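In what follows, a single structure is set out as structure tokens and then discussed.
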Amino acid sequence: MAGNKTLTMIKPGAVKNKHIGAIIDRIEQAGFRIVAIKSLKLSKIAAEEFYQEHRDKPFFGELVEFMSSGPIIAAVLYKDNAVEDFRKLIGSTDPAQAEEGTIRKDFAESKSQNAVHGSDSDESAERECHFFFSTLDYLRVMK
Ligand code: IDP
Ligand code: MG
């Protein structure tokens, strides 16, 4: 059975461009409940740790630089089939390929600076939610 939570980040570019409110509105209007949320700035070490699965990719250095370049919003989102539904809402990694009406189509600047993160599986969602939050931060809403 599909899980009911996913982890999003509003990335530094979208925060800098003052898109936090518009992106959160899209997320809520799509039926997700924001059950934990915070603003923070990732250190380079933290960005490397979060994206460890990509450490051998050619874009890893650029990704870490960007994700640690300014404040982000991290949030746990709650909905049936959360991971898959949220990936649909944000669209393809590259905004040039993203479907009309998706968050990345409307707010991403480029493939690397693509406005938002969304977990890619229930296993990733579990790890990523615990990267930023404790179970205690959202347990009351999930049960
Ligand atoms: P995803 O965010 O859609 O799951 P991933 O393949 O997991 O995409 O890549 C993680 C992040 O790394 C992307 O969101 C994007 O910011 C960056 N990235 C991925 N592919 C490239 C690329 O080819 N060039 C530059 N940055 C990339
Ligand atoms: Mg990914």
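Convention: chains lettered A, B, ... in structure tokens order; per-chain residue numbering from 1; ligands numbered from 1 as shown.
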(message) List as a ChimeraX atom specification the protein and nucleic acid residues near range 30-38 of chain A, meaning an atom at most 7 Å away when only C-alpha atoms are counted, but skip any in the same chain fewer than 2 places from it.
(response) /A:26-28,40,73-79,137-138,141
Can you write out the residues you just picked, keeping C-alpha atoms, as a compact mmCIF listing (two decimals), in the first residue's frame?
# COMPACT_ATOMS: atom_id res chain seq x y z
CA ARG A 26 -0.59 25.08 -4.93
CA ILE A 27 0.34 22.32 -2.48
CA GLU A 28 -2.68 22.95 -0.24
CA LEU A 40 16.48 26.84 7.48
CA ILE A 73 11.58 25.69 3.39
CA ALA A 74 11.34 22.00 4.36
CA ALA A 75 7.93 20.42 4.96
CA VAL A 76 6.26 17.07 5.58
CA LEU A 77 3.13 16.68 3.43
CA TYR A 78 0.29 14.30 4.23
CA LYS A 79 -2.11 12.78 1.68
CA ASP A 137 6.77 16.69 15.00
CA TYR A 138 4.00 15.13 12.92
CA VAL A 141 -1.55 14.46 12.64
(request) Could you tell me, counting only C-alpha atoms and all ligand atoms, which protein and nucleic acid residues lie no more than 12 Å from ligand 2, written as a PyMOL selection string? (result) chain A and resi 7-9+50-54+63+83+87+90-94+112+114+116-121+124-125+128
List every residue of range 51-115 of chain A that DSSP, applied to the backbone of this structure, assigns to strand (DSSP E), and report them as a tab-separated table (two decimals) with N, CA and C atoms, in the first residue's frame.
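Now in selection_26.tsv:
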chain	number	residue	atom	x	y	z
A	72	ILE	N	15.96	27.73	2.73
A	72	ILE	CA	14.95	26.87	2.09
A	72	ILE	C	13.78	26.71	3.06
A	73	ILE	N	12.68	26.17	2.54
A	73	ILE	CA	11.58	25.69	3.39
A	73	ILE	C	11.57	24.18	3.26
A	74	ALA	N	11.51	23.47	4.38
A	74	ALA	CA	11.34	22.00	4.36
A	74	ALA	C	9.99	21.70	5.00
A	75	ALA	N	9.25	20.74	4.42
A	75	ALA	CA	7.93	20.42	4.96
A	75	ALA	C	7.57	18.96	4.74
A	76	VAL	N	6.86	18.40	5.71
A	76	VAL	CA	6.26	17.07	5.58
A	76	VAL	C	4.82	17.26	5.11
A	77	LEU	N	4.47	16.56	4.02
A	77	LEU	CA	3.13	16.68	3.43
A	77	LEU	C	2.39	15.37	3.60
A	78	TYR	N	1.12	15.47	3.92
A	78	TYR	CA	0.29	14.30	4.23
A	78	TYR	C	-0.87	14.20	3.24
(request) Could you please write out, as JSON, numbers by chain, every residue of chain A that DSSP assigns to helix (DSSP H, G or I)? (result) {"A": [12, 13, 14, 15, 16, 20, 21, 22, 23, 24, 25, 26, 27, 28, 29, 44, 45, 46, 47, 48, 49, 50, 52, 53, 54, 60, 61, 62, 63, 64, 65, 66, 67, 82, 83, 84, 85, 86, 87, 88, 89, 90, 103, 104, 105, 106, 107, 122, 123, 124, 125, 126, 127, 128, 129, 130, 131, 132, 135, 136, 137, 138, 139, 140, 141, 142]}
Once you have the residues from the selection above, write them out as a PDB file, in the first residue's frame, restricted to C-alpha atoms.
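Dumped everything to again_4.pdb:
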ATOM      1  CA  PRO A  12      16.791  28.675  -2.479  1.00  0.00           C
ATOM      2  CA  GLY A  13      15.892  30.190  -5.872  1.00  0.00           C
ATOM      3  CA  ALA A  14      12.149  30.011  -5.254  1.00  0.00           C
ATOM      4  CA  VAL A  15      12.564  31.422  -1.741  1.00  0.00           C
ATOM      5  CA  LYS A  16      14.716  34.276  -3.088  1.00  0.00           C
ATOM      6  CA  ILE A  20       6.946  30.524  -0.968  1.00  0.00           C
ATOM      7  CA  GLY A  21       3.313  31.633  -0.616  1.00  0.00           C
ATOM      8  CA  ALA A  22       2.296  30.731  -4.174  1.00  0.00           C
ATOM      9  CA  ILE A  23       3.933  27.292  -3.973  1.00  0.00           C
ATOM     10  CA  ILE A  24       2.383  26.474  -0.590  1.00  0.00           C
ATOM     11  CA  ASP A  25      -1.001  27.527  -2.011  1.00  0.00           C
ATOM     12  CA  ARG A  26      -0.587  25.081  -4.934  1.00  0.00           C
ATOM     13  CA  ILE A  27       0.338  22.319  -2.476  1.00  0.00           C
ATOM     14  CA  GLU A  28      -2.681  22.951  -0.235  1.00  0.00           C
ATOM     15  CA  GLN A  29      -5.099  23.345  -3.156  1.00  0.00           C
ATOM     16  CA  LYS A  44      27.303  22.226   2.391  1.00  0.00           C
ATOM     17  CA  ILE A  45      27.819  19.125   4.534  1.00  0.00           C
ATOM     18  CA  ALA A  46      24.071  18.829   5.127  1.00  0.00           C
ATOM     19  CA  ALA A  47      23.263  19.272   1.416  1.00  0.00           C
ATOM     20  CA  GLU A  48      25.866  16.595   0.548  1.00  0.00           C
ATOM     21  CA  GLU A  49      24.315  14.240   3.085  1.00  0.00           C
ATOM     22  CA  PHE A  50      20.741  14.845   1.890  1.00  0.00           C
ATOM     23  CA  GLN A  52      24.213  11.397  -1.065  1.00  0.00           C
ATOM     24  CA  GLU A  53      22.597   9.139  -3.712  1.00  0.00           C
ATOM     25  CA  HIS A  54      23.801  11.643  -6.361  1.00  0.00           C
ATOM     26  CA  PHE A  60      26.594  16.974  -7.687  1.00  0.00           C
ATOM     27  CA  GLY A  61      28.915  19.937  -6.957  1.00  0.00           C
ATOM     28  CA  GLU A  62      26.538  22.409  -8.601  1.00  0.00           C
ATOM     29  CA  LEU A  63      23.574  20.880  -6.731  1.00  0.00           C
ATOM     30  CA  VAL A  64      25.279  21.139  -3.335  1.00  0.00           C
ATOM     31  CA  GLU A  65      26.419  24.731  -4.016  1.00  0.00           C
ATOM     32  CA  PHE A  66      22.907  25.759  -5.007  1.00  0.00           C
ATOM     33  CA  MET A  67      21.069  23.976  -2.187  1.00  0.00           C
ATOM     34  CA  ALA A  82       1.555  11.231  -1.255  1.00  0.00           C
ATOM     35  CA  VAL A  83       4.810  10.453  -3.092  1.00  0.00           C
ATOM     36  CA  GLU A  84       3.295   9.756  -6.517  1.00  0.00           C
ATOM     37  CA  ASP A  85       0.680  12.523  -6.320  1.00  0.00           C
ATOM     38  CA  PHE A  86       3.276  15.099  -5.286  1.00  0.00           C
ATOM     39  CA  ARG A  87       5.669  14.096  -8.096  1.00  0.00           C
ATOM     40  CA  LYS A  88       2.767  14.692 -10.516  1.00  0.00           C
ATOM     41  CA  LEU A  89       2.070  18.091  -8.959  1.00  0.00           C
ATOM     42  CA  ILE A  90       5.686  19.264  -9.283  1.00  0.00           C
ATOM     43  CA  ILE A 103       4.950  23.771  -9.965  1.00  0.00           C
ATOM     44  CA  ARG A 104       8.262  23.335 -11.764  1.00  0.00           C
ATOM     45  CA  LYS A 105       6.795  24.519 -15.071  1.00  0.00           C
ATOM     46  CA  ASP A 106       5.628  27.721 -13.411  1.00  0.00           C
ATOM     47  CA  PHE A 107       8.379  28.458 -10.866  1.00  0.00           C
ATOM     48  CA  ASP A 122       8.127   5.867   0.290  1.00  0.00           C
ATOM     49  CA  GLU A 123      11.573   4.730   1.494  1.00  0.00           C
ATOM     50  CA  SER A 124      13.122   8.065   0.467  1.00  0.00           C
ATOM     51  CA  ALA A 125      10.209   9.938   2.077  1.00  0.00           C
ATOM     52  CA  GLU A 126      10.854   8.161   5.379  1.00  0.00           C
ATOM     53  CA  ARG A 127      14.560   9.002   5.306  1.00  0.00           C
ATOM     54  CA  GLU A 128      14.031  12.569   4.127  1.00  0.00           C
ATOM     55  CA  CYS A 129      11.270  13.398   6.645  1.00  0.00           C
ATOM     56  CA  HIS A 130      13.604  12.209   9.401  1.00  0.00           C
ATOM     57  CA  PHE A 131      16.467  14.237   7.946  1.00  0.00           C
ATOM     58  CA  PHE A 132      14.581  17.419   8.842  1.00  0.00           C
ATOM     59  CA  THR A 135       8.389  11.606  14.247  1.00  0.00           C
ATOM     60  CA  LEU A 136       7.111  13.603  17.220  1.00  0.00           C
ATOM     61  CA  ASP A 137       6.772  16.689  14.998  1.00  0.00           C
ATOM     62  CA  TYR A 138       4.001  15.130  12.915  1.00  0.00           C
ATOM     63  CA  LEU A 139       2.770  11.999  14.745  1.00  0.00           C
ATOM     64  CA  ARG A 140      -0.344  13.670  16.162  1.00  0.00           C
ATOM     65  CA  VAL A 141      -1.548  14.463  12.638  1.00  0.00           C
ATOM     66  CA  MET A 142      -0.600  11.161  11.036  1.00  0.00           C
TER      67      MET A 142
END
(message) From the options A:Ile10, A:His19, A:Leu42, A:Pro71, which residue's atoms come nearest to ligand 1, counting only C-alpha atoms and all ligand atoms?
(response) A:Ile10
(message) I'd like the interatomic distance between CA of Lys11 in chain A and atom 13 (C, counted along the ligand's line) of ligand 1, to a tenth of an Å.
(response)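 So the answer is 10.2 Å.
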(request) Measure the distance from CA of Pro58 in chain A to CA of Ser39 in chain A in Å and round it to one decimal. (result)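 Going from CA of Pro58 in chain A over to CA of Ser39 in chain A, I get 28.3 Å.
Using only C-alpha atoms and all ligand atoms for every distance, the candidate list A:Asp56, A:Ser110, A:Ala96, A:Thr6 yields A:Ser110 as the residue closest to ligand 1.
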